[in-house]
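Enquirer: Contents are PDB, C-alpha atoms and all ligand atoms; file name start-v2.pdb:
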```
MODEL        1
ATOM      1  CA  MET A  63     117.932  70.109  91.034
ATOM      2  CA  ALA A  64     117.491  71.159  94.628
ATOM      3  CA  ILE A  65     114.870  72.635  96.908
ATOM      4  CA  LEU A  66     116.229  75.825  98.479
ATOM      5  CA  ASP A  67     115.235  77.488 101.760
ATOM      6  CA  ILE A  68     112.855  80.426 101.352
ATOM      7  CA  ILE A  69     113.714  83.501 103.454
ATOM      8  CA  ILE A  70     110.849  84.800 105.620
ATOM      9  CA  ALA A  71     110.330  88.530 106.344
ATOM     10  CA  PRO A  72     111.450  90.594 108.123
ATOM     11  CA  ASP A  73     114.972  89.922 106.826
ATOM     12  CA  PRO A  74     117.577  92.344 105.386
ATOM     13  CA  ARG A  75     118.279  89.909 102.517
ATOM     14  CA  LEU A  76     114.798  90.684 101.156
ATOM     15  CA  LYS A  77     115.651  94.409 101.000
ATOM     16  CA  ILE A  78     118.657  94.270  98.670
ATOM     17  CA  THR A  79     118.877  95.503  95.083
ATOM     18  CA  ALA A  80     119.826  92.457  93.045
ATOM     19  CA  LYS A  81     122.613  92.617  90.424
ATOM     20  CA  PRO A  82     122.182  92.050  86.672
ATOM     21  CA  VAL A  83     123.587  88.787  85.346
ATOM     22  CA  LYS A  84     126.233  89.202  82.629
ATOM     23  CA  LYS A  85     125.118  86.091  80.811
ATOM     24  CA  VAL A  86     122.694  83.215  81.360
ATOM     25  CA  ASP A  87     125.329  80.509  81.829
ATOM     26  CA  ALA A  88     125.207  77.094  83.509
ATOM     27  CA  SER A  89     125.256  78.657  86.972
ATOM     28  CA  VAL A  90     122.281  80.941  86.206
ATOM     29  CA  ARG A  91     120.396  78.056  84.534
ATOM     30  CA  ARG A  92     120.901  75.943  87.623
ATOM     31  CA  LEU A  93     119.607  78.756  89.849
ATOM     32  CA  MET A  94     116.505  79.054  87.592
ATOM     33  CA  ASP A  95     115.840  75.305  87.765
ATOM     34  CA  ASP A  96     116.354  75.134  91.535
ATOM     35  CA  MET A  97     114.046  78.129  91.984
ATOM     36  CA  LEU A  98     111.309  76.483  89.896
ATOM     37  CA  GLU A  99     111.563  73.277  91.897
ATOM     38  CA  THR A 100     111.482  75.279  95.147
ATOM     39  CA  MET A 101     108.488  77.325  93.941
ATOM     40  CA  HIS A 102     106.508  74.274  92.829
ATOM     41  CA  SER A 103     107.184  72.424  96.076
ATOM     42  CA  ALA A 104     105.959  75.485  98.027
ATOM     43  CA  ARG A 105     102.876  75.751  95.711
ATOM     44  CA  GLY A 106     103.766  79.302  94.697
ATOM     45  CA  ILE A 107     103.150  80.917  91.295
ATOM     46  CA  GLY A 108     106.430  82.861  91.251
ATOM     47  CA  LEU A 109     109.786  83.210  92.978
ATOM     48  CA  ALA A 110     112.621  85.760  92.887
ATOM     49  CA  ALA A 111     116.300  85.000  93.576
ATOM     50  CA  PRO A 112     116.587  87.209  96.714
ATOM     51  CA  GLN A 113     113.912  85.007  98.358
ATOM     52  CA  VAL A 114     116.408  82.136  98.283
ATOM     53  CA  GLY A 115     119.358  84.315  99.329
ATOM     54  CA  ASP A 116     120.775  84.883  95.828
ATOM     55  CA  LYS A 117     121.658  88.433  94.703
ATOM     56  CA  ARG A 118     121.197  87.951  90.946
ATOM     57  CA  ARG A 119     118.323  89.463  88.897
ATOM     58  CA  VAL A 120     116.546  86.180  88.208
ATOM     59  CA  ILE A 121     112.841  85.329  88.527
ATOM     60  CA  VAL A 122     110.657  82.341  87.670
ATOM     61  CA  VAL A 123     106.869  82.184  87.293
ATOM     62  CA  ASP A 124     104.288  79.518  86.538
ATOM     63  CA  VAL A 125     100.659  80.577  86.879
ATOM     64  CA  ALA A 126      99.180  77.358  85.407
ATOM     65  CA  GLY A 127      96.474  75.878  87.635
ATOM     66  CA  GLU A 128      96.648  72.463  89.334
ATOM     67  CA  ASP A 129      94.772  70.766  86.472
ATOM     68  CA  GLU A 130      96.614  72.605  83.682
ATOM     69  CA  ALA A 131      99.881  71.748  81.959
ATOM     70  CA  PRO A 132     102.827  73.496  83.672
ATOM     71  CA  ASN A 133     104.019  76.680  81.947
ATOM     72  CA  PRO A 134     107.278  77.658  83.648
ATOM     73  CA  ILE A 135     108.905  80.948  82.575
ATOM     74  CA  ARG A 136     112.527  81.701  83.527
ATOM     75  CA  MET A 137     113.775  85.291  83.273
ATOM     76  CA  ALA A 138     117.088  87.041  83.912
ATOM     77  CA  ASN A 139     117.404  90.866  83.995
ATOM     78  CA  PRO A 140     113.662  91.488  83.426
ATOM     79  CA  GLU A 141     112.848  95.096  82.429
ATOM     80  CA  LEU A 142     109.433  96.711  82.044
ATOM     81  CA  LEU A 143     109.243  98.306  78.585
ATOM     82  CA  TRP A 144     105.629  99.473  78.948
ATOM     83  CA  THR A 145     102.748  99.332  81.417
ATOM     84  CA  SER A 146      99.067 100.035  80.730
ATOM     85  CA  ASP A 147      97.268 102.995  82.287
ATOM     86  CA  GLU A 148      94.499 100.546  83.087
ATOM     87  CA  GLU A 149      95.001  99.038  86.508
ATOM     88  CA  ARG A 150      93.905  95.843  88.192
ATOM     89  CA  VAL A 151      93.417  94.920  91.863
ATOM     90  CA  HIS A 152      94.611  91.503  92.928
ATOM     91  CA  GLU A 153      94.767  89.814  96.316
ATOM     92  CA  GLU A 154      98.498  89.098  96.699
ATOM     93  CA  GLY A 155     100.391  86.710  98.905
ATOM     94  CA  CYS A 156     104.112  85.992  99.141
ATOM     95  CA  LEU A 157     106.107  82.910 100.073
ATOM     96  CA  SER A 158     108.309  85.226 102.188
ATOM     97  CA  LEU A 159     105.245  86.558 104.090
ATOM     98  CA  PRO A 160     103.412  83.292 104.848
ATOM     99  CA  GLU A 161      99.655  83.451 105.403
ATOM    100  CA  GLN A 162      99.500  87.224 104.823
ATOM    101  CA  TYR A 163      97.346  88.682 102.054
ATOM    102  CA  ALA A 164      96.410  92.147 100.853
ATOM    103  CA  GLU A 165      94.861  93.776  97.799
ATOM    104  CA  VAL A 166      97.447  95.461  95.593
ATOM    105  CA  VAL A 167      96.791  97.796  92.638
ATOM    106  CA  ARG A 168      99.148  97.475  89.662
ATOM    107  CA  PRO A 169      99.020  98.088  85.888
ATOM    108  CA  ASP A 170      96.863  95.386  84.267
ATOM    109  CA  ARG A 171      99.000  94.905  81.166
ATOM    110  CA  ILE A 172     102.788  94.955  80.785
ATOM    111  CA  ARG A 173     105.487  94.453  78.204
ATOM    112  CA  VAL A 174     108.698  92.969  79.620
ATOM    113  CA  ARG A 175     112.122  92.312  78.098
ATOM    114  CA  TYR A 176     114.413  89.644  79.564
ATOM    115  CA  LEU A 177     117.114  87.094  78.891
ATOM    116  CA  ASP A 178     115.758  83.567  78.578
ATOM    117  CA  TYR A 179     117.216  80.171  79.513
ATOM    118  CA  ARG A 180     119.305  80.211  76.325
ATOM    119  CA  ASN A 181     120.652  83.729  76.969
ATOM    120  CA  GLU A 182     118.466  85.090  74.165
ATOM    121  CA  ILE A 183     116.690  88.463  74.469
ATOM    122  CA  ARG A 184     112.932  87.959  74.547
ATOM    123  CA  GLU A 185     109.891  90.182  74.966
ATOM    124  CA  LEU A 186     106.536  89.207  76.456
ATOM    125  CA  GLU A 187     103.309  91.207  76.541
ATOM    126  CA  THR A 188     100.753  89.879  78.982
ATOM    127  CA  ASP A 189      97.989  90.791  81.420
ATOM    128  CA  GLY A 190      95.965  89.404  84.318
ATOM    129  CA  VAL A 191      97.522  87.094  86.900
ATOM    130  CA  LEU A 192     100.717  86.574  84.891
ATOM    131  CA  ALA A 193     101.308  90.346  84.640
ATOM    132  CA  THR A 194     100.605  90.751  88.365
ATOM    133  CA  CYS A 195     102.969  87.929  89.236
ATOM    134  CA  ILE A 196     105.833  89.191  87.031
ATOM    135  CA  GLN A 197     105.549  92.664  88.606
ATOM    136  CA  HIS A 198     105.514  91.114  92.116
ATOM    137  CA  GLU A 199     108.691  89.134  91.286
ATOM    138  CA  MET A 200     110.431  92.125  89.678
ATOM    139  CA  ASP A 201     109.724  94.127  92.841
ATOM    140  CA  HIS A 202     111.659  91.520  94.863
ATOM    141  CA  LEU A 203     114.746  92.297  92.726
ATOM    142  CA  ASP A 204     114.619  95.869  94.072
ATOM    143  CA  GLY A 205     113.918  94.921  97.681
ATOM    144  CA  VAL A 206     110.213  95.725  97.408
ATOM    145  CA  LEU A 207     107.537  93.493  98.985
ATOM    146  CA  PHE A 208     103.788  93.580  98.240
ATOM    147  CA  VAL A 209     103.203  95.158 101.654
ATOM    148  CA  ASP A 210     105.149  98.194 100.416
ATOM    149  CA  HIS A 211     102.164  98.884  98.096
ATOM    150  CA  VAL A 212      99.517  98.941 100.857
ATOM    151  CA  SER A 213      98.749 101.395 103.670
ATOM    152  CA  ALA A 214     101.394 101.912 106.366
ATOM    153  CA  LEU A 215      98.893 100.631 108.937
ATOM    154  CA  LYS A 216      98.293  97.355 107.100
ATOM    155  CA  ARG A 217     102.026  96.965 106.386
ATOM    156  CA  ARG A 218     102.933  97.385 110.054
ATOM    157  CA  MET A 219     100.231  94.914 111.120
ATOM    158  CA  ILE A 220     101.511  92.247 108.744
ATOM    159  CA  LEU A 221     105.202  92.777 109.532
ATOM    160  CA  ARG A 222     104.528  92.778 113.288
ATOM    161  CA  LYS A 223     102.668  89.462 113.000
ATOM    162  CA  LEU A 224     105.578  87.929 111.095
ATOM    163  CA  GLN A 225     108.122  89.263 113.582
ATOM    164  CA  LYS A 226     106.136  87.723 116.463
ATOM    165  CA  ALA A 227     105.881  84.388 114.644
ATOM    166  CA  LYS A 228     109.663  84.434 114.099
ATOM    167  CA  LYS A 229     110.410  85.128 117.764
ATOM    168  CA  LEU A 230     108.032  82.357 118.838
ATOM    169  CA  ALA A 231     109.646  79.891 116.411
ATOM    170  CA  ALA A 232     113.117  80.861 117.691
ATOM    171  CA  LEU A 233     112.003  80.205 121.292
ATOM    172  CA  GLU A 234     110.491  76.851 120.360
ATOM    173  CA  ASN A 235     113.670  75.799 118.567
ATOM    174  CA  ALA A 236     115.976  76.894 121.406
TER
HETATM  175  O1  LIG A 301     102.681  82.281  95.278
HETATM  176  C1  LIG A 301     102.481  83.484  95.122
HETATM  177  N1  LIG A 301     101.219  83.921  94.865
HETATM  178  C2  LIG A 301     100.923  85.202  94.461
HETATM  179  C3  LIG A 301      99.603  85.597  94.469
HETATM  180  C4  LIG A 301      99.249  86.867  94.054
HETATM  181  C5  LIG A 301     100.208  87.741  93.613
HETATM  182  C6  LIG A 301     101.546  87.371  93.621
HETATM  183  C7  LIG A 301     101.904  86.111  94.025
HETATM  184  S1  LIG A 301     103.566  85.626  94.004
HETATM  185  C8  LIG A 301     103.595  84.447  95.268
HETATM  186  C9  LIG A 301     104.939  83.757  95.325
HETATM  187  C10 LIG A 301     105.984  84.759  95.747
HETATM  188  O2  LIG A 301     106.131  85.141  96.875
HETATM  189  N2  LIG A 301     106.740  85.254  94.826
HETATM  190  O3  LIG A 301     107.668  86.179  95.134
HETATM  191 NI    NI A 302     106.863  87.238  96.812
ENDMDL
END
```
In structure tokens, how does this file's structure come out?

Expert:
Amino acid sequence: MAILDIIIAPDPRLKITAKPVKKVDASVRRLMDDMLETMHSARGIGLAAPQVGDKRRVIVVDVAGEDEAPNPIRMANPELLWTSDEERVHEEGCLSLPEQYAEVVRPDRIRVRYLDYRNEIRELETDGVLATCIQHEMDHLDGVLFVDHVSALKRRMILRKLQKAKKLAALENA
């Protein structure tokens, strides 16, 4: 396994539409495992392939708390089959937008179909944090960040802060 570099916004690689995998083979399994290791080491609850510079439709999530047993879920080609009319507001963060947070409204409950680690079609119905996290990760596969769900003012504030931080880091590393 390997810890991969996480891409920080703004970056065009976070705006791509990722491509479906044909089959969950050894290469896709390795990506899933590397993403989980990367996510755990960054203390995130989810990660999408474009965040590590990979264009495949692959996400991983693990919303188990520090004192709970890990519950990693690996998904390829996730598709929303159904979303509840009932919504839920959750304070979201993103490993690609470090230290930035905003409240995002999404459906509370979802049903998702995906290919699992063994290339088998699976369906999962869930709600709460796990449903929020899966929707956040699926957004990444279509180049959508959580800031795209908040007001233009808030989005610009967050992206401007990140751009400044990037320029400062570039100067310091020069
Ligand atoms: O670690 C993460 N926390 C989080 C909190 C609320 C809603 C979504 C998330 S996902 C995020 C990790 C990440 O950036 N995944 O793409
Ligand atoms: Ni994210």

Enquirer: Could you jot down the atom CA of Asp189 of chain A to atom CA of Val151 of chain A separation for me, Å, one decimal place?

Expert: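 Value for the atom CA of Asp189 of chain A-atom CA of Val151 of chain A distance: 12.1 Å.
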
Enquirer: Let me know the residues the PyMOL selection byres (((not hetatm)) within 6 of (chain A and resi 302)) catches in the file above, as a count of residues only.

Expert: 3

Enquirer: Kindly list the centre and edge lengths in Å, rounded to one decimal, for the axis-aligned box that covers all listed atoms of segment 228-231 of chain A plus 6 Å on each of its six sides, as JSON.

Expert:
```
{"center_x": 109.2, "center_y": 82.5, "center_z": 116.5, "size_x": 14.4, "size_y": 17.2, "size_z": 16.7}
```

Enquirer: Set the cut-off to 7 Å, count all atoms listed in the file, and list whatever residues fall near ligand LIG 301 (chain A) as a PyMOL selection string.

Expert: chain A and resi 105-110+152-158+194-195+198-199+202

Enquirer: Go through A:Asp124, A:Asp67, A:Asp95, A:Asp147 one by one, measure the shortest atom-to-atom distance of each to Leu192 of chain A using all atoms listed in the file, and give the residue with the smallest value.

Expert: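 When distances to Leu192 of chain A are compared using all atoms listed in the file, the smallest one comes from A:Asp124.
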
Enquirer: Give as a VMD selection string the residues that the PyMOL selection byres (((chain A and resi 90) around 12) and not hetatm) matches when applied to the coordinates above.

Expert: chain A and resid 82 to 89 91 to 97 111 116 to 122 136 to 139 177 to 181

Enquirer: For those residues, write C-alpha atoms to a file as a PDB file, in the frame of the given file.

Expert:
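And here's selection-v8.pdb as it stands now:
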```pdb
ATOM      1  CA  PRO A  82     122.182  92.050  86.672  1.00  0.00           C
ATOM      2  CA  VAL A  83     123.587  88.787  85.346  1.00  0.00           C
ATOM      3  CA  LYS A  84     126.233  89.202  82.629  1.00  0.00           C
ATOM      4  CA  LYS A  85     125.118  86.091  80.811  1.00  0.00           C
ATOM      5  CA  VAL A  86     122.694  83.215  81.360  1.00  0.00           C
ATOM      6  CA  ASP A  87     125.329  80.509  81.829  1.00  0.00           C
ATOM      7  CA  ALA A  88     125.207  77.094  83.509  1.00  0.00           C
ATOM      8  CA  SER A  89     125.256  78.657  86.972  1.00  0.00           C
ATOM      9  CA  ARG A  91     120.396  78.056  84.534  1.00  0.00           C
ATOM     10  CA  ARG A  92     120.901  75.943  87.623  1.00  0.00           C
ATOM     11  CA  LEU A  93     119.607  78.756  89.849  1.00  0.00           C
ATOM     12  CA  MET A  94     116.505  79.054  87.592  1.00  0.00           C
ATOM     13  CA  ASP A  95     115.840  75.305  87.765  1.00  0.00           C
ATOM     14  CA  ASP A  96     116.354  75.134  91.535  1.00  0.00           C
ATOM     15  CA  MET A  97     114.046  78.129  91.984  1.00  0.00           C
ATOM     16  CA  ALA A 111     116.300  85.000  93.576  1.00  0.00           C
ATOM     17  CA  ASP A 116     120.775  84.883  95.828  1.00  0.00           C
ATOM     18  CA  LYS A 117     121.658  88.433  94.703  1.00  0.00           C
ATOM     19  CA  ARG A 118     121.197  87.951  90.946  1.00  0.00           C
ATOM     20  CA  ARG A 119     118.323  89.463  88.897  1.00  0.00           C
ATOM     21  CA  VAL A 120     116.546  86.180  88.208  1.00  0.00           C
ATOM     22  CA  ILE A 121     112.841  85.329  88.527  1.00  0.00           C
ATOM     23  CA  VAL A 122     110.657  82.341  87.670  1.00  0.00           C
ATOM     24  CA  ARG A 136     112.527  81.701  83.527  1.00  0.00           C
ATOM     25  CA  MET A 137     113.775  85.291  83.273  1.00  0.00           C
ATOM     26  CA  ALA A 138     117.088  87.041  83.912  1.00  0.00           C
ATOM     27  CA  ASN A 139     117.404  90.866  83.995  1.00  0.00           C
ATOM     28  CA  LEU A 177     117.114  87.094  78.891  1.00  0.00           C
ATOM     29  CA  ASP A 178     115.758  83.567  78.578  1.00  0.00           C
ATOM     30  CA  TYR A 179     117.216  80.171  79.513  1.00  0.00           C
ATOM     31  CA  ARG A 180     119.305  80.211  76.325  1.00  0.00           C
ATOM     32  CA  ASN A 181     120.652  83.729  76.969  1.00  0.00           C
TER      33      ASN A 181
END
```

Enquirer: Which residues would end up in the selection if the PyMOL selection byres (((chain A and resi 206) around 12) and not hetatm) were applied here, given that I need the answer as a ChimeraX atom specification?

Expert: /A:71-72,74-80,110,112-113,156,158,197-205,207-212
